[in-house]
Amino acid sequence: MTDSTDNGKSGMTARDIFNGAFQQPSPQPVIDLGGQPAQASKFTITGVSRIRPSFLNTLLQPTFAATTVKQLADEAREAAGKLQALGIAKQVSVELDQGNGIDVHFRCEDGSRFAVRTGVDVGGDEGTANVVGRLNNIWGGGESFEANYARGTKTAAAFRGVLAVPLAADPQHRFEVSASQSTTDQRPYTSHDEVRRSLGALIRKQAGPVQHEVAYALAWREVAGLGHAASPSLRALAGHSVKSGITYTCTYDDRDSLTVPTQGALIKSVAEIAGLGGSVQLAKAQVELQTNRPLAPGYVLSVGAQAGALWALTGQRVPLADRFFVGGAHSVRGFEYRGIGPRDKADSLGGDVFYAAGLSLLTPLPRVEALRGHLWANAGQCALLLNTPKANEFMRFLSSPSASIGFGLVYRHSMVRAELSWCIPIAATTSDKLKPGLQFGLGFQFL
């Protein structure tokens with residue numbers, strides 16, 4: 001006796017018939033429309049009041065060079081995104097129609113020609129209120145002019161104007177020219193005002209997390225308004241200096257936040273050479289490193305380091321405006337702003353070499369997402385060494401940093417970071433100005 005059943009299909013069992021009834025049909029071939037050949041034959045744009053034909057030709061060149069449907073759609077979306085990034089259009093809808101080839105049409109909402117905003121900037125132990133006026137899409141190619149006027153707790157008045165022009169219709173590739181003037185009261189850290197007037201030009205290129213920038217600046221600086229308590233060293237540095245120099249900056253930044261990152265790294269290097277005319281001849285180099293690593297949900301370990309050096313090329317004294325300064329809530333916590341390094345009486349004189357390092361651990365707090373606990377340790381030093389190098393002084397500079405430890409709170413905001421720390425200095429020189437106890441910091445970049 002067998003389990004077969006005669007269903008007119010010789011040799012088939014009941015199990016075979018059952019399985020066959022539920023067998024999946026053979027898959028049908030999939031047609032990859034994205035890979036089909038295609039060529040853009042026509043382009044139209046509506047809703048934009050001002051756009052230059054030569055700019056549009058450059059913008060759409062990759063779209064017309066596409067050879068498949070997917071490439072054409074991707075390039076058209078990329079071009080639409082550039083129109084929005086440059087402020088030519090607020091919104092862009094991309095339509096592709098099949099005709100004698102592919103017709104590409106952009107339906108746009110026109111971008112704003114003028115914008116005015118007010119705001120508050122923080123950093124460098126100072127807060128400033130500013131008014132910014134911006135003129136967009138000046139000549140139909142995404143050009144912009146921005147004027148900024150600011151006054152602050154130390155800045156008596158500051159003005160800056162910037163004309164930005166995109167290169168190759170690319171918002172990530174720009175040429176800028178600028179002019180600025182500012183007057184800053186450096187008291188109580190040193191007994192003088194600093195006046196700066198400058199003209200500059202730069203080219204900036206962004207490619208993913210990497211940014212390259214080459215800049216030229218002509219700056220007239222003045223150490224003026226000396227107080228009656230100004231030290232002899234500061235009086236010797238008073239007066240005018242004119243610097244004409246070129247700076248190259250390379251930045252790699254893939255952090256997930258500029259203010260309170262939880263992962264990613266920052267690598268930044270700056271090299272400057274001055275002496276193309278003017279009264280200042282120097283070479284200057286700086287590097288900044290930071291890495292952030294999540295240890296557990298809500299716990300983030302951050303390690304940062306900074307260092308720099310400058311050399312006077314003619315044996316002259318380095319102007320005060322070009323020197324490095326260390327200390328403060330954004331630098332080495334537990335010390336006054338510019339509180340580490342050479343000093344004459346109450347005046348901070350800065351240095352020609354410096355380094356600073358920090359270790360931070362952010363911890364979660366119950367029921368408060370934007371607020372984090374903060375444990376940290378900082379160390380750094382600043383000195384005047386390179387013009388009169390001595391091996392023993394350099395070794396002492398490296399081996400005897402000023403240092404502090406502490407704990408506190410960090411408030412995370414998309415535009416700014418606020419810190420309230422309890423600081424405990426654990427190593428200092430006799431010239432350092434300490435700030436034990438509570439220290440408040442507000443800004444973007446912290447060690």
# chains A, B, ... in the order shown; residues from 1 in each chain; ligands from 1

$ residues_around --residues "Arg187 in chain A" --least-positions-apart "6" --cutoff "12 Å" --atoms "only C-alpha atoms" --output "list of chain:residue names"
A:Asp125, A:Glu126, A:Thr153, A:Lys154, A:Thr155, A:Asp193, A:Glu194, A:Gly225, A:Leu226, A:Gly227, A:Ala229, A:Ala230, A:Tyr337, A:Arg338, A:Ala346, A:Asp347, A:Ser348

$ residues_around --residues "range 284-292 of chain A" --least-positions-apart "6" --cutoff "7 Å" --atoms "only C-alpha atoms" --output "count of residues only"
25

$ closest_residue --among "A:Leu442, A:Leu135, A:Ala150, A:Ala40" --to "Glu95 in chain A" --atoms "only C-alpha atoms"
A:Ala40

$ select_by_dssp --residues "range 136-349 of chain A" --states "alpha helix (DSSP H)" --output "JSON, numbers by chain"
{"A": [232, 233, 234, 235, 236, 237]}

$ write_last_selection --atoms "N, CA, C and O atoms" --output "PDB file, in the first residue's frame"
ATOM      1  N   PRO A 232      56.174  98.396  30.492  1.00  0.00           N
ATOM      2  CA  PRO A 232      57.210  98.759  29.513  1.00  0.00           C
ATOM      3  C   PRO A 232      57.221  97.824  28.296  1.00  0.00           C
ATOM      4  O   PRO A 232      57.448  98.279  27.174  1.00  0.00           O
ATOM      5  N   SER A 233      56.979  96.532  28.494  1.00  0.00           N
ATOM      6  CA  SER A 233      56.972  95.597  27.366  1.00  0.00           C
ATOM      7  C   SER A 233      55.845  95.922  26.396  1.00  0.00           C
ATOM      8  O   SER A 233      56.029  95.855  25.170  1.00  0.00           O
ATOM      9  N   LEU A 234      54.665  96.265  26.917  1.00  0.00           N
ATOM     10  CA  LEU A 234      53.548  96.605  26.049  1.00  0.00           C
ATOM     11  C   LEU A 234      53.812  97.920  25.316  1.00  0.00           C
ATOM     12  O   LEU A 234      53.510  98.045  24.118  1.00  0.00           O
ATOM     13  N   ARG A 235      54.400  98.899  26.011  1.00  0.00           N
ATOM     14  CA  ARG A 235      54.700 100.175  25.358  1.00  0.00           C
ATOM     15  C   ARG A 235      55.695  99.982  24.212  1.00  0.00           C
ATOM     16  O   ARG A 235      55.627 100.663  23.194  1.00  0.00           O
ATOM     17  N   ALA A 236      56.613  99.021  24.362  1.00  0.00           N
ATOM     18  CA  ALA A 236      57.567  98.761  23.288  1.00  0.00           C
ATOM     19  C   ALA A 236      56.903  98.138  22.067  1.00  0.00           C
ATOM     20  O   ALA A 236      57.417  98.250  20.950  1.00  0.00           O
ATOM     21  N   LEU A 237      55.762  97.517  22.259  1.00  0.00           N
ATOM     22  CA  LEU A 237      55.039  96.884  21.150  1.00  0.00           C
ATOM     23  C   LEU A 237      53.965  97.788  20.550  1.00  0.00           C
ATOM     24  O   LEU A 237      53.313  97.407  19.570  1.00  0.00           O
TER      25      LEU A 237
END

$ atom_distance --atom1 "CA of Gln84 in chain A" --atom2 "CA of Pro209 in chain A"
20.4 Å

$ closest_residue --among "A:Ala158, A:Ala168, A:Leu72, A:Val92" --to "Asn57 in chain A" --atoms "only C-alpha atoms"
A:Ala168

$ atom_distance --atom1 "CA of Ser49 in chain A" --atom2 "CA of Leu83 in chain A"
12.7 Å

$ residues_around --residues "Val223 in chain A" --least-positions-apart "2" --cutoff "7 Å" --atoms "only C-alpha atoms" --output "PyMOL selection string"
chain A and resi 192-195+221+238-240

$ write_last_selection --atoms "all heavy atoms" --output "mmCIF file, in the first residue's frame"
data_model
loop_
_atom_site.group_PDB
_atom_site.id
_atom_site.type_symbol
_atom_site.label_atom_id
_atom_site.label_comp_id
_atom_site.auth_asym_id
_atom_site.auth_seq_id
_atom_site.Cartn_x
_atom_site.Cartn_y
_atom_site.Cartn_z
ATOM 1 N N HIS A 192 45.441 97.992 26.472
ATOM 2 C CA HIS A 192 45.459 98.697 25.192
ATOM 3 C C HIS A 192 44.209 98.383 24.384
ATOM 4 O O HIS A 192 43.464 97.446 24.678
ATOM 5 C CB HIS A 192 46.698 98.314 24.377
ATOM 6 C CG HIS A 192 46.611 96.954 23.758
ATOM 7 N ND1 HIS A 192 46.834 95.799 24.456
ATOM 8 C CD2 HIS A 192 46.324 96.574 22.481
ATOM 9 C CE1 HIS A 192 46.691 94.749 23.662
ATOM 10 N NE2 HIS A 192 46.382 95.197 22.445
ATOM 11 N N ASP A 193 44.002 99.186 23.361
ATOM 12 C CA ASP A 193 43.012 98.914 22.323
ATOM 13 C C ASP A 193 43.750 98.385 21.092
ATOM 14 O O ASP A 193 44.927 98.691 20.877
ATOM 15 C CB ASP A 193 42.255 100.189 21.925
ATOM 16 C CG ASP A 193 41.442 100.764 23.080
ATOM 17 O OD1 ASP A 193 41.055 99.988 23.970
ATOM 18 O OD2 ASP A 193 41.211 101.991 23.087
ATOM 19 N N GLU A 194 43.037 97.598 20.301
ATOM 20 C CA GLU A 194 43.617 97.090 19.063
ATOM 21 C C GLU A 194 42.715 97.488 17.897
ATOM 22 O O GLU A 194 41.521 97.177 17.887
ATOM 23 C CB GLU A 194 43.757 95.572 19.112
ATOM 24 C CG GLU A 194 44.460 94.989 17.890
ATOM 25 C CD GLU A 194 44.713 93.501 18.029
ATOM 26 O OE1 GLU A 194 45.266 93.100 19.090
ATOM 27 O OE2 GLU A 194 44.357 92.747 17.124
ATOM 28 N N VAL A 195 43.295 98.173 16.922
ATOM 29 C CA VAL A 195 42.562 98.620 15.733
ATOM 30 C C VAL A 195 43.070 97.822 14.537
ATOM 31 O O VAL A 195 44.283 97.708 14.328
ATOM 32 C CB VAL A 195 42.759 100.131 15.490
ATOM 33 C CG1 VAL A 195 41.959 100.582 14.269
ATOM 34 C CG2 VAL A 195 42.346 100.930 16.723
ATOM 35 N N ARG A 221 47.397 97.112 11.360
ATOM 36 C CA ARG A 221 47.042 96.927 12.765
ATOM 37 C C ARG A 221 47.691 98.028 13.609
ATOM 38 O O ARG A 221 48.796 98.464 13.320
ATOM 39 C CB ARG A 221 47.510 95.563 13.285
ATOM 40 C CG ARG A 221 46.872 94.352 12.598
ATOM 41 C CD ARG A 221 47.600 93.923 11.350
ATOM 42 N NE ARG A 221 49.015 93.728 11.553
ATOM 43 C CZ ARG A 221 49.554 92.575 11.997
ATOM 44 N NH1 ARG A 221 48.782 91.548 12.244
ATOM 45 N NH2 ARG A 221 50.862 92.461 12.147
ATOM 46 N N ALA A 238 53.756 98.968 21.123
ATOM 47 C CA ALA A 238 52.700 99.859 20.652
ATOM 48 C C ALA A 238 53.058 100.451 19.295
ATOM 49 O O ALA A 238 54.219 100.491 18.880
ATOM 50 C CB ALA A 238 52.468 100.962 21.676
ATOM 51 N N GLY A 239 52.021 100.917 18.602
ATOM 52 C CA GLY A 239 52.225 101.551 17.301
ATOM 53 C C GLY A 239 51.593 100.747 16.177
ATOM 54 O O GLY A 239 50.767 99.859 16.390
ATOM 55 N N HIS A 240 52.013 101.089 14.930
ATOM 56 C CA HIS A 240 51.409 100.518 13.737
ATOM 57 C C HIS A 240 52.250 99.365 13.191
ATOM 58 O O HIS A 240 53.473 99.331 13.349
ATOM 59 C CB HIS A 240 51.290 101.590 12.633
ATOM 60 C CG HIS A 240 50.458 102.768 13.033
ATOM 61 N ND1 HIS A 240 49.109 102.835 12.799
ATOM 62 C CD2 HIS A 240 50.800 103.927 13.655
ATOM 63 C CE1 HIS A 240 48.644 103.989 13.242
ATOM 64 N NE2 HIS A 240 49.651 104.675 13.782
#

$ residues_around --residues "Leu409 in chain A" --least-positions-apart "2" --cutoff "8 Å" --atoms "only C-alpha atoms" --output "list of chain:residue names"
A:Leu371, A:Arg372, A:Gly373, A:His374, A:Phe407, A:Tyr411, A:Glu419, A:Leu420, A:Ser421

$ write_last_selection --atoms "N, CA, C and O atoms" --output "mmCIF file, in the first residue's frame"
data_model
loop_
_atom_site.group_PDB
_atom_site.id
_atom_site.type_symbol
_atom_site.label_atom_id
_atom_site.label_comp_id
_atom_site.auth_asym_id
_atom_site.auth_seq_id
_atom_site.Cartn_x
_atom_site.Cartn_y
_atom_site.Cartn_z
ATOM 1 N N LEU A 371 20.950 68.795 28.040
ATOM 2 C CA LEU A 371 21.930 69.084 29.081
ATOM 3 C C LEU A 371 22.762 67.834 29.350
ATOM 4 O O LEU A 371 22.224 66.730 29.462
ATOM 5 N N ARG A 372 24.072 68.005 29.427
ATOM 6 C CA ARG A 372 24.980 66.885 29.661
ATOM 7 C C ARG A 372 25.893 67.175 30.851
ATOM 8 O O ARG A 372 26.278 68.322 31.091
ATOM 9 N N GLY A 373 26.247 66.114 31.568
ATOM 10 C CA GLY A 373 27.313 66.240 32.539
ATOM 11 C C GLY A 373 28.655 66.284 31.838
ATOM 12 O O GLY A 373 28.814 65.777 30.720
ATOM 13 N N HIS A 374 29.655 66.890 32.491
ATOM 14 C CA HIS A 374 30.939 67.128 31.812
ATOM 15 C C HIS A 374 32.093 66.946 32.804
ATOM 16 O O HIS A 374 32.170 67.645 33.816
ATOM 17 N N PHE A 407 34.716 69.680 36.552
ATOM 18 C CA PHE A 407 33.453 69.053 36.177
ATOM 19 C C PHE A 407 32.418 70.152 36.009
ATOM 20 O O PHE A 407 32.619 71.297 36.437
ATOM 21 N N TYR A 411 25.362 72.685 27.949
ATOM 22 C CA TYR A 411 24.053 72.823 27.301
ATOM 23 C C TYR A 411 24.263 72.765 25.801
ATOM 24 O O TYR A 411 25.034 73.549 25.234
ATOM 25 N N GLU A 419 28.739 76.311 28.623
ATOM 26 C CA GLU A 419 29.373 75.496 29.661
ATOM 27 C C GLU A 419 29.375 76.243 30.992
ATOM 28 O O GLU A 419 29.620 77.445 31.046
ATOM 29 N N LEU A 420 29.101 75.509 32.043
ATOM 30 C CA LEU A 420 29.301 75.999 33.399
ATOM 31 C C LEU A 420 30.176 74.970 34.103
ATOM 32 O O LEU A 420 29.764 73.820 34.287
ATOM 33 N N SER A 421 31.395 75.389 34.468
ATOM 34 C CA SER A 421 32.387 74.441 34.990
ATOM 35 C C SER A 421 32.884 74.865 36.358
ATOM 36 O O SER A 421 33.008 76.057 36.652
#

$ closest_residue --among "A:Cys250, A:Leu86, A:Leu320, A:Val177" --to "Ala207 in chain A" --atoms "only C-alpha atoms"
A:Cys250

$ closest_residue --among "A:Leu447, A:Ile246, A:Leu167, A:Leu349" --to "Ala321 in chain A" --atoms "only C-alpha atoms"
A:Leu349

$ atom_distance --atom1 "CA of Thr63 in chain A" --atom2 "CA of Ile51 in chain A"
17.5 Å

$ residues_around --residues "Ser404 in chain A" --least-positions-apart "2" --cutoff "6 Å" --atoms "only C-alpha atoms" --output "list in words"
Gly334, Ala377, Asn378, Ile424, Pro425 and Ile426 of chain A

$ closest_residue --among "A:Phe64, A:Phe55, A:Phe324, A:Trp220" --to "Asn137 in chain A" --atoms "only C-alpha atoms"
A:Phe55

$ residues_around --residues "Arg323 in chain A" --least-positions-apart "3" --cutoff "6 Å" --atoms "only C-alpha atoms" --output "mmCIF file with all heavy atoms, in the first residue's frame"
data_model
loop_
_atom_site.group_PDB
_atom_site.id
_atom_site.type_symbol
_atom_site.label_atom_id
_atom_site.label_comp_id
_atom_site.auth_asym_id
_atom_site.auth_seq_id
_atom_site.Cartn_x
_atom_site.Cartn_y
_atom_site.Cartn_z
ATOM 1 N N LEU A 320 52.326 92.180 18.403
ATOM 2 C CA LEU A 320 51.393 91.601 19.362
ATOM 3 C C LEU A 320 50.201 90.953 18.659
ATOM 4 O O LEU A 320 49.704 89.907 19.089
ATOM 5 C CB LEU A 320 50.911 92.693 20.326
ATOM 6 C CG LEU A 320 50.200 92.240 21.601
ATOM 7 C CD1 LEU A 320 51.144 91.477 22.500
ATOM 8 C CD2 LEU A 320 49.601 93.448 22.318
ATOM 9 N N GLY A 350 51.518 87.295 25.107
ATOM 10 C CA GLY A 350 51.444 86.259 24.088
ATOM 11 C C GLY A 350 52.773 85.576 23.868
ATOM 12 O O GLY A 350 53.782 85.877 24.511
ATOM 13 N N GLY A 351 52.779 84.601 22.923
ATOM 14 C CA GLY A 351 53.991 83.848 22.666
ATOM 15 C C GLY A 351 54.169 83.537 21.201
ATOM 16 O O GLY A 351 53.271 83.759 20.388
ATOM 17 N N ASP A 352 55.338 82.994 20.857
ATOM 18 C CA ASP A 352 55.590 82.572 19.489
ATOM 19 C C ASP A 352 55.475 81.061 19.333
ATOM 20 O O ASP A 352 55.570 80.536 18.221
ATOM 21 C CB ASP A 352 56.937 83.072 18.986
ATOM 22 C CG ASP A 352 58.094 82.725 19.909
ATOM 23 O OD1 ASP A 352 57.938 81.793 20.726
ATOM 24 O OD2 ASP A 352 59.147 83.373 19.819
#

$ closest_residue --among "A:Arg151, A:Arg343, A:Arg412, A:His212" --to "Thr183 in chain A" --atoms "only C-alpha atoms"
A:Arg151

$ residues_around --residues "Arg50 in chain A" --least-positions-apart "6" --cutoff "9 Å" --atoms "only C-alpha atoms" --output "ChimeraX atom specification"
/A:88,110,137-141

$ select_by_dssp --residues "range 66-299 of chain A" --states "strand (DSSP E)" --output "ChimeraX atom specification"
/A:89-99,101-110,114-123,126-136,144-152,155-167,170-185,193-207,210-224,239-253,264-278,282-296,299

$ decode --residues "range 239-338 of chain A" --atoms "C-alpha atoms" --output "mmCIF file, in the first residue's frame"
data_model
loop_
_atom_site.group_PDB
_atom_site.id
_atom_site.type_symbol
_atom_site.label_atom_id
_atom_site.label_comp_id
_atom_site.auth_asym_id
_atom_site.auth_seq_id
_atom_site.Cartn_x
_atom_site.Cartn_y
_atom_site.Cartn_z
ATOM 1 C CA GLY A 239 52.225 101.551 17.301
ATOM 2 C CA HIS A 240 51.409 100.518 13.737
ATOM 3 C CA SER A 241 52.255 97.417 11.736
ATOM 4 C CA VAL A 242 51.317 96.493 8.167
ATOM 5 C CA LYS A 243 51.129 92.818 7.174
ATOM 6 C CA SER A 244 50.787 91.491 3.640
ATOM 7 C CA GLY A 245 50.570 87.711 3.561
ATOM 8 C CA ILE A 246 49.195 84.520 2.074
ATOM 9 C CA THR A 247 47.489 81.821 4.148
ATOM 10 C CA TYR A 248 46.624 78.242 3.219
ATOM 11 C CA THR A 249 44.089 76.351 5.338
ATOM 12 C CA CYS A 250 43.160 72.689 4.978
ATOM 13 C CA THR A 251 40.311 71.291 7.082
ATOM 14 C CA TYR A 252 38.888 67.799 7.429
ATOM 15 C CA ASP A 253 35.717 67.776 9.509
ATOM 16 C CA ASP A 254 33.238 64.884 9.621
ATOM 17 C CA ARG A 255 31.860 65.600 13.099
ATOM 18 C CA ASP A 256 28.099 65.306 13.521
ATOM 19 C CA SER A 257 27.914 68.660 15.326
ATOM 20 C CA LEU A 258 30.088 71.772 15.446
ATOM 21 C CA THR A 259 29.159 72.584 19.047
ATOM 22 C CA VAL A 260 28.725 69.276 20.927
ATOM 23 C CA PRO A 261 29.899 66.453 18.637
ATOM 24 C CA THR A 262 29.216 62.840 19.580
ATOM 25 C CA GLN A 263 31.312 61.255 16.846
ATOM 26 C CA GLY A 264 33.697 62.181 14.051
ATOM 27 C CA ALA A 265 37.019 63.973 13.824
ATOM 28 C CA LEU A 266 38.474 67.398 13.037
ATOM 29 C CA ILE A 267 41.912 67.904 11.478
ATOM 30 C CA LYS A 268 42.855 71.484 10.645
ATOM 31 C CA SER A 269 46.175 72.952 9.541
ATOM 32 C CA VAL A 270 47.020 76.575 8.775
ATOM 33 C CA ALA A 271 50.217 77.847 7.150
ATOM 34 C CA GLU A 272 50.965 81.553 6.648
ATOM 35 C CA ILE A 273 53.811 83.511 5.100
ATOM 36 C CA ALA A 274 53.943 87.316 5.419
ATOM 37 C CA GLY A 275 56.419 89.693 3.854
ATOM 38 C CA LEU A 276 54.976 90.543 0.441
ATOM 39 C CA GLY A 277 55.460 94.188 1.279
ATOM 40 C CA GLY A 278 54.508 95.791 4.567
ATOM 41 C CA SER A 279 56.511 95.949 7.772
ATOM 42 C CA VAL A 280 55.966 92.367 8.992
ATOM 43 C CA GLN A 281 57.984 89.386 7.761
ATOM 44 C CA LEU A 282 57.097 86.093 9.423
ATOM 45 C CA ALA A 283 56.128 82.468 8.906
ATOM 46 C CA LYS A 284 53.401 80.895 10.992
ATOM 47 C CA ALA A 285 51.941 77.394 11.339
ATOM 48 C CA GLN A 286 49.077 75.981 13.393
ATOM 49 C CA VAL A 287 47.396 72.606 13.738
ATOM 50 C CA GLU A 288 44.210 71.538 15.523
ATOM 51 C CA LEU A 289 43.042 67.958 16.127
ATOM 52 C CA GLN A 290 39.911 66.551 17.713
ATOM 53 C CA THR A 291 38.318 63.112 17.849
ATOM 54 C CA ASN A 292 35.006 62.097 19.406
ATOM 55 C CA ARG A 293 33.973 58.547 20.239
ATOM 56 C CA PRO A 294 30.720 57.273 21.793
ATOM 57 C CA LEU A 295 31.470 54.845 24.635
ATOM 58 C CA ALA A 296 27.887 53.899 25.545
ATOM 59 C CA PRO A 297 24.459 55.454 24.981
ATOM 60 C CA GLY A 298 24.820 59.104 26.021
ATOM 61 C CA TYR A 299 28.520 58.843 26.942
ATOM 62 C CA VAL A 300 31.018 60.548 24.602
ATOM 63 C CA LEU A 301 34.795 60.751 24.992
ATOM 64 C CA SER A 302 36.497 63.702 23.270
ATOM 65 C CA VAL A 303 40.219 64.279 22.876
ATOM 66 C CA GLY A 304 41.583 67.532 21.414
ATOM 67 C CA ALA A 305 44.948 69.164 20.848
ATOM 68 C CA GLN A 306 46.256 72.420 19.375
ATOM 69 C CA ALA A 307 49.740 73.689 18.665
ATOM 70 C CA GLY A 308 51.416 76.511 16.787
ATOM 71 C CA ALA A 309 54.687 78.288 16.108
ATOM 72 C CA LEU A 310 55.772 81.461 14.333
ATOM 73 C CA TRP A 311 59.142 82.724 13.184
ATOM 74 C CA ALA A 312 60.206 86.320 12.533
ATOM 75 C CA LEU A 313 62.094 86.190 9.227
ATOM 76 C CA THR A 314 64.122 89.355 9.745
ATOM 77 C CA GLY A 315 64.999 89.139 13.431
ATOM 78 C CA GLN A 316 62.472 91.844 14.298
ATOM 79 C CA ARG A 317 60.108 91.570 17.225
ATOM 80 C CA VAL A 318 56.850 89.781 16.353
ATOM 81 C CA PRO A 319 53.874 92.190 16.564
ATOM 82 C CA LEU A 320 51.393 91.601 19.362
ATOM 83 C CA ALA A 321 48.559 91.042 16.854
ATOM 84 C CA ASP A 322 50.297 87.954 15.416
ATOM 85 C CA ARG A 323 51.150 86.164 18.671
ATOM 86 C CA PHE A 324 49.448 83.165 20.241
ATOM 87 C CA PHE A 325 47.427 83.389 23.449
ATOM 88 C CA VAL A 326 46.295 80.542 25.713
ATOM 89 C CA GLY A 327 43.827 80.305 28.572
ATOM 90 C CA GLY A 328 40.132 80.812 29.180
ATOM 91 C CA ALA A 329 36.859 78.918 29.024
ATOM 92 C CA HIS A 330 37.353 78.033 25.333
ATOM 93 C CA SER A 331 41.031 77.108 25.728
ATOM 94 C CA VAL A 332 42.597 75.831 28.959
ATOM 95 C CA ARG A 333 39.813 76.068 31.528
ATOM 96 C CA GLY A 334 40.619 77.153 35.072
ATOM 97 C CA PHE A 335 42.683 80.136 33.861
ATOM 98 C CA GLU A 336 41.748 83.659 32.870
ATOM 99 C CA TYR A 337 41.303 84.516 29.199
ATOM 100 C CA ARG A 338 44.890 84.887 27.858
#
